[in-house]
Amino acid sequence: MRLPFTLLIDPVPADSLRQNFDGTFHEMESSAPALRVGELSTQRGDGVFETLAVVNGHPQEVEPHVSRLRNSARICELPAPNAEQWRAAIAYAVARIPQQGEIALKFVLSRGVEHGPAPTAWLHASAAADFSGVRASGVRAITLDRGYPRGVAERAPWLLMGAKTLSYAVNMAAIREAHRRGADDTIFLTTDGYVLEGPTSSVVLRINGEYVTPAPSGAILHGTTQQSMFDYLRARGERVDYRDVTIGELRQADAAWLVSSVRLAVSVVVLDGGPFPADHPLTSALNAYLLARTA
Ligand code: PLP
């Protein structure tokens, strides 16, 4: 029961009939070197990843995360991950980390060492930051141009939009730009004024009583937390929809949230320097629901 916890994984092909993955996982000492210098993930960001939350020993939304890893691998033309093996690796790690508190579990599939025989895969669990403050108080967000018009994912699939690749340098730069402008986080827009997503979160708005999020058309990730939020809202009888959302609609919305697996739901309380309406009771009920999930 220790953190951080690192597991190297020998990827088994997706079409293997193997049922037992014992021997394909190797626990690493946290201080031991785990990656080779030639690793393409570190040299070129050429790989895909997922981060899921483990809350009090319960890994959250394993299936949506594994299925998104497979989708990202498909977009990046990486060998298809063996879903059974990834489920087993997650279970193996979860059984060996603390059973209390919030833990971020990241899993990575990279193209491996240049000219090497196989992809490299690993899983890393570390204590999550304490997000209780920001869940209660919300975030100041800015809108930033992502530099692409709507529809770019279909026209230029080599941009790998819609894949959760290891190349997050742009996403991190957008968060630093928010900090420079006295804000906490960013909402990306297309050059023609449509809402996309945050650098590490999905965007959900309430417009005239309906909850909407941009359709995961291929330009953005299909957020697992956003899907859980929609399940919660549907169960409460609320209307939800996936559709294009313009910057004008964002500015007029009666509430907006940035939602993601580990930070969970945070309200936007300031947008581009001006006050923005927030629904704190709903945010707190939603986070309580998300934290109570046992799968
Ligand atoms: N969009 C981007 C670009 C992300 O990086 C993330 C999560 O890290 C999300 C959306 C939200 O996805 P999830 O709710 O599955 O964490």
# chains A, B, ... in the order shown; residues from 1 in each chain; ligands from 1

$ residues_near_ligand --ligand "ligand 1" --cutoff "7 Å" --atoms "only C-alpha atoms and all ligand atoms" --output "ChimeraX atom specification"
/A:51-52,65,164,197-202,220-226,259-262

$ write_last_selection --atoms "N, CA, C and O atoms" --output "short mmCIF file (atom, residue, chain, number, x, y, z; two decimals), in the first residue's frame"
data_model
loop_
_atom_site.label_atom_id
_atom_site.label_comp_id
_atom_site.auth_asym_id
_atom_site.auth_seq_id
_atom_site.Cartn_x
_atom_site.Cartn_y
_atom_site.Cartn_z
N THR A 51 -6.01 9.25 -17.65
CA THR A 51 -5.89 9.40 -16.20
C THR A 51 -7.26 9.17 -15.60
O THR A 51 -8.23 9.84 -15.98
N LEU A 52 -7.34 8.21 -14.69
CA LEU A 52 -8.61 8.00 -14.00
C LEU A 52 -8.40 8.21 -12.50
O LEU A 52 -7.28 8.19 -12.00
N HIS A 65 -12.58 4.80 -19.85
CA HIS A 65 -11.17 5.18 -20.02
C HIS A 65 -10.44 4.17 -20.91
O HIS A 65 -9.66 4.57 -21.79
N LYS A 164 -6.12 11.38 -27.11
CA LYS A 164 -5.48 11.90 -25.90
C LYS A 164 -4.01 11.53 -25.98
O LYS A 164 -3.57 10.50 -25.46
N GLU A 197 -13.12 22.69 -25.66
CA GLU A 197 -12.94 22.03 -24.35
C GLU A 197 -11.87 22.81 -23.61
O GLU A 197 -11.28 23.76 -24.15
N GLY A 198 -11.61 22.43 -22.37
CA GLY A 198 -10.48 23.00 -21.64
C GLY A 198 -9.22 22.23 -21.98
O GLY A 198 -9.29 21.15 -22.60
N PRO A 199 -8.03 22.70 -21.58
CA PRO A 199 -6.80 21.96 -21.85
C PRO A 199 -6.77 20.60 -21.15
O PRO A 199 -6.09 19.68 -21.61
N THR A 200 -7.48 20.48 -20.03
CA THR A 200 -7.53 19.18 -19.34
C THR A 200 -8.95 18.88 -18.84
O THR A 200 -9.12 18.18 -17.85
N SER A 201 -9.95 19.41 -19.52
CA SER A 201 -11.32 19.22 -19.03
C SER A 201 -12.33 19.38 -20.16
O SER A 201 -12.02 19.95 -21.20
N SER A 202 -13.53 18.87 -19.93
CA SER A 202 -14.66 19.12 -20.84
C SER A 202 -15.43 20.33 -20.31
O SER A 202 -15.41 20.63 -19.13
N ILE A 220 -12.51 17.07 -30.22
CA ILE A 220 -12.29 17.11 -28.77
C ILE A 220 -12.44 15.70 -28.21
O ILE A 220 -12.94 14.80 -28.87
N LEU A 221 -12.05 15.55 -26.95
CA LEU A 221 -12.19 14.25 -26.29
C LEU A 221 -13.63 14.09 -25.81
O LEU A 221 -14.28 15.05 -25.42
N HIS A 222 -14.08 12.83 -25.80
CA HIS A 222 -15.37 12.55 -25.18
C HIS A 222 -15.10 12.33 -23.70
O HIS A 222 -14.58 11.28 -23.31
N GLY A 223 -15.41 13.32 -22.89
CA GLY A 223 -15.03 13.29 -21.47
C GLY A 223 -15.81 12.23 -20.70
O GLY A 223 -17.03 12.14 -20.81
N THR A 224 -15.09 11.45 -19.90
CA THR A 224 -15.78 10.44 -19.09
C THR A 224 -16.56 11.11 -17.96
O THR A 224 -17.62 10.65 -17.58
N THR A 225 -16.04 12.21 -17.41
CA THR A 225 -16.74 12.90 -16.32
C THR A 225 -17.98 13.60 -16.85
O THR A 225 -19.03 13.60 -16.20
N GLN A 226 -17.85 14.17 -18.03
CA GLN A 226 -19.03 14.80 -18.66
C GLN A 226 -20.13 13.76 -18.88
O GLN A 226 -21.32 14.05 -18.64
N VAL A 259 -15.15 20.02 -16.31
CA VAL A 259 -15.24 18.73 -15.61
C VAL A 259 -14.16 17.78 -16.11
O VAL A 259 -13.87 17.70 -17.30
N SER A 260 -13.55 17.07 -15.16
CA SER A 260 -12.48 16.13 -15.51
C SER A 260 -12.34 15.09 -14.40
O SER A 260 -12.84 15.28 -13.29
N SER A 261 -11.62 14.00 -14.73
CA SER A 261 -11.64 12.81 -13.88
C SER A 261 -11.13 13.01 -12.45
O SER A 261 -11.65 12.40 -11.54
N VAL A 262 -10.11 13.81 -12.26
CA VAL A 262 -9.53 13.89 -10.92
C VAL A 262 -9.99 15.16 -10.18
O VAL A 262 -10.38 15.10 -9.02
#

$ residues_around --residues "region 179-190 of chain A" --least-positions-apart "5" --cutoff "9 Å" --atoms "only C-alpha atoms" --output "list in words"
Val139, Arg140, Ala141, Ile142, Thr143, Leu144, Asp145, Arg146, Gly147, Tyr148, Pro149, Arg150, Ala174, Val195, Leu196, Glu197, Gly198, Pro199, Ser201, Ser202, Val203, Thr246, Ile247, Leu258, Val270, Leu271, Asp272 and Gly273 of chain A

$ closest_atom_pairs --of "region 118-213 of chain A" --to "region 238-243 of chain A" --cutoff "6 Å" --atoms "only C-alpha atoms" --output "Markdown table"
| residue | atom | partner | partner_atom | distance |
| --- | --- | --- | --- | --- |
| A:Glu210 | CA | A:Arg239 | CA | 5.1 |
| A:Tyr211 | CA | A:Val240 | CA | 4.6 |
| A:Val212 | CA | A:Asp241 | CA | 4.8 |
| A:Thr213 | CA | A:Tyr242 | CA | 5.2 |

$ residues_around --residues "Gly57 (chain A)" --least-positions-apart "5" --cutoff "8 Å" --atoms "only C-alpha atoms" --output "ChimeraX atom specification"
/A:94-95,97-101

$ write_last_selection --atoms "all heavy atoms" --output "CSV table (one decimal), in the first residue's frame"
chain,number,residue,atom,x,y,z
A,94,VAL,N,-4.7,-1.1,-8.3
A,94,VAL,CA,-5.6,-0.7,-7.3
A,94,VAL,C,-5.5,-1.5,-6.1
A,94,VAL,O,-5.7,-1.0,-5.0
A,94,VAL,CB,-7.1,-0.6,-7.9
A,94,VAL,CG1,-8.1,-0.4,-6.8
A,94,VAL,CG2,-7.2,0.5,-9.0
A,95,ALA,N,-5.2,-2.8,-6.2
A,95,ALA,CA,-5.1,-3.7,-5.1
A,95,ALA,C,-3.9,-3.3,-4.2
A,95,ALA,O,-3.8,-3.8,-3.1
A,95,ALA,CB,-5.1,-5.1,-5.5
A,97,ILE,N,-2.5,-0.1,-3.8
A,97,ILE,CA,-2.3,1.3,-3.4
A,97,ILE,C,-3.3,1.6,-2.3
A,97,ILE,O,-4.2,0.8,-2.0
A,97,ILE,CB,-2.6,2.3,-4.6
A,97,ILE,CG1,-4.0,2.1,-5.2
A,97,ILE,CG2,-1.5,2.1,-5.7
A,97,ILE,CD1,-4.3,3.0,-6.4
A,98,PRO,N,-3.1,2.7,-1.6
A,98,PRO,CA,-4.0,3.0,-0.4
A,98,PRO,C,-5.5,2.9,-0.8
A,98,PRO,O,-5.9,3.3,-1.9
A,98,PRO,CB,-3.6,4.4,0.0
A,98,PRO,CG,-2.2,4.5,-0.4
A,98,PRO,CD,-2.1,3.7,-1.7
A,99,GLN,N,-6.3,2.4,0.1
A,99,GLN,CA,-7.7,2.2,-0.1
A,99,GLN,C,-8.5,3.4,0.4
A,99,GLN,O,-9.8,3.3,0.5
A,99,GLN,CB,-8.2,0.9,0.5
A,99,GLN,CG,-7.4,-0.3,0.0
A,99,GLN,CD,-7.6,-0.6,-1.5
A,99,GLN,OE1,-8.8,-0.8,-1.9
A,99,GLN,NE2,-6.6,-0.5,-2.3
A,100,GLN,N,-7.9,4.4,0.8
A,100,GLN,CA,-8.5,5.6,1.3
A,100,GLN,C,-8.0,6.8,0.5
A,100,GLN,O,-6.8,6.9,0.2
A,100,GLN,CB,-8.3,5.9,2.8
A,100,GLN,CG,-9.0,4.9,3.7
A,100,GLN,CD,-10.5,4.9,3.5
A,100,GLN,OE1,-11.1,5.9,3.4
A,100,GLN,NE2,-11.1,3.7,3.5
A,101,GLY,N,-8.9,7.8,0.3
A,101,GLY,CA,-8.5,9.1,-0.3
A,101,GLY,C,-8.6,9.0,-1.8
A,101,GLY,O,-9.0,8.0,-2.4

$ select_by_dssp --residues "region 51-152 of chain A" --states "alpha helix (DSSP H)" --output "ChimeraX atom specification"
/A:62-75,83-94,132-137,152

$ write_last_selection --atoms "C-alpha atoms" --output "PDB file, in the first residue's frame"
ATOM      1  CA  VAL A  62     -12.617   2.038 -16.053  1.00  0.00           C
ATOM      2  CA  GLU A  63     -14.505   0.999 -19.204  1.00  0.00           C
ATOM      3  CA  PRO A  64     -14.867   4.517 -20.684  1.00  0.00           C
ATOM      4  CA  HIS A  65     -11.172   5.176 -20.015  1.00  0.00           C
ATOM      5  CA  VAL A  66     -10.000   1.876 -21.530  1.00  0.00           C
ATOM      6  CA  SER A  67     -12.242   2.403 -24.517  1.00  0.00           C
ATOM      7  CA  ARG A  68     -10.930   5.948 -25.003  1.00  0.00           C
ATOM      8  CA  LEU A  69      -7.346   4.635 -24.791  1.00  0.00           C
ATOM      9  CA  ARG A  70      -8.212   2.208 -27.578  1.00  0.00           C
ATOM     10  CA  ASN A  71      -9.746   5.012 -29.621  1.00  0.00           C
ATOM     11  CA  SER A  72      -6.689   7.246 -29.126  1.00  0.00           C
ATOM     12  CA  ALA A  73      -4.412   4.346 -30.126  1.00  0.00           C
ATOM     13  CA  ARG A  74      -6.510   3.802 -33.264  1.00  0.00           C
ATOM     14  CA  ILE A  75      -6.257   7.481 -34.252  1.00  0.00           C
ATOM     15  CA  ALA A  83      -8.549  -4.176 -23.104  1.00  0.00           C
ATOM     16  CA  GLU A  84      -8.471  -7.272 -20.855  1.00  0.00           C
ATOM     17  CA  GLN A  85      -4.826  -6.695 -20.038  1.00  0.00           C
ATOM     18  CA  TRP A  86      -5.405  -3.014 -19.220  1.00  0.00           C
ATOM     19  CA  ARG A  87      -8.355  -3.878 -16.984  1.00  0.00           C
ATOM     20  CA  ALA A  88      -6.144  -6.451 -15.234  1.00  0.00           C
ATOM     21  CA  ALA A  89      -3.289  -3.931 -14.863  1.00  0.00           C
ATOM     22  CA  ILE A  90      -5.653  -1.355 -13.330  1.00  0.00           C
ATOM     23  CA  ALA A  91      -7.032  -3.965 -10.904  1.00  0.00           C
ATOM     24  CA  TYR A  92      -3.496  -5.099 -10.041  1.00  0.00           C
ATOM     25  CA  ALA A  93      -2.446  -1.526  -9.218  1.00  0.00           C
ATOM     26  CA  VAL A  94      -5.629  -0.652  -7.341  1.00  0.00           C
ATOM     27  CA  SER A 132     -11.801  20.405  -2.331  1.00  0.00           C
ATOM     28  CA  GLY A 133     -11.189  24.183  -2.285  1.00  0.00           C
ATOM     29  CA  VAL A 134     -11.542  24.738  -6.014  1.00  0.00           C
ATOM     30  CA  ARG A 135     -14.585  22.409  -6.189  1.00  0.00           C
ATOM     31  CA  ALA A 136     -16.280  24.746  -3.708  1.00  0.00           C
ATOM     32  CA  SER A 137     -15.032  28.112  -4.948  1.00  0.00           C
ATOM     33  CA  VAL A 152     -10.533  20.551 -38.867  1.00  0.00           C
TER      34      VAL A 152
END

$ residues_around --residues "Leu286 (chain A)" --least-positions-apart "6" --cutoff "8 Å" --atoms "only C-alpha atoms" --output "list in words"
Met229, Tyr232 and Ala265 of chain A

$ atom_distance --atom1 "CA of Leu7 (chain A)" --atom2 "CA of Phe107 (chain A)"
9.3 Å

$ closest_residue --among "A:Ala292, A:Val245, A:Cys76, A:Val108" --to "Ser41 (chain A)" --atoms "only C-alpha atoms"
A:Val108

$ select_by_dssp --residues "region 171-277 of chain A" --states "strand (DSSP E or B)" --output "VMD selection string"
chain A and resid 185 to 189 194 to 195 202 to 207 210 to 213 239 to 242 246 255 to 260 264 to 271 274 to 275

$ atom_distance --atom1 "CA of Gln252 (chain A)" --atom2 "CA of Asp279 (chain A)"
14.6 Å

$ atom_distance --atom1 "CA of Glu154 (chain A)" --atom2 "CA of Pro216 (chain A)"
12.2 Å

$ closest_residue --among "A:Ala163, A:Ala125, A:Val113, A:Val12" --to "Gly38 (chain A)" --atoms "only C-alpha atoms"
A:Val113

$ residues_around --residues "region 129-131 of chain A" --least-positions-apart "5" --cutoff "9 Å" --atoms "only C-alpha atoms" --output "ChimeraX atom specification"
/A:102-104,136,262-264

$ residues_around --residues "Gly138 (chain A)" --least-positions-apart "5" --cutoff "8 Å" --atoms "only C-alpha atoms" --output "PyMOL selection string"
chain A and resi 266-269
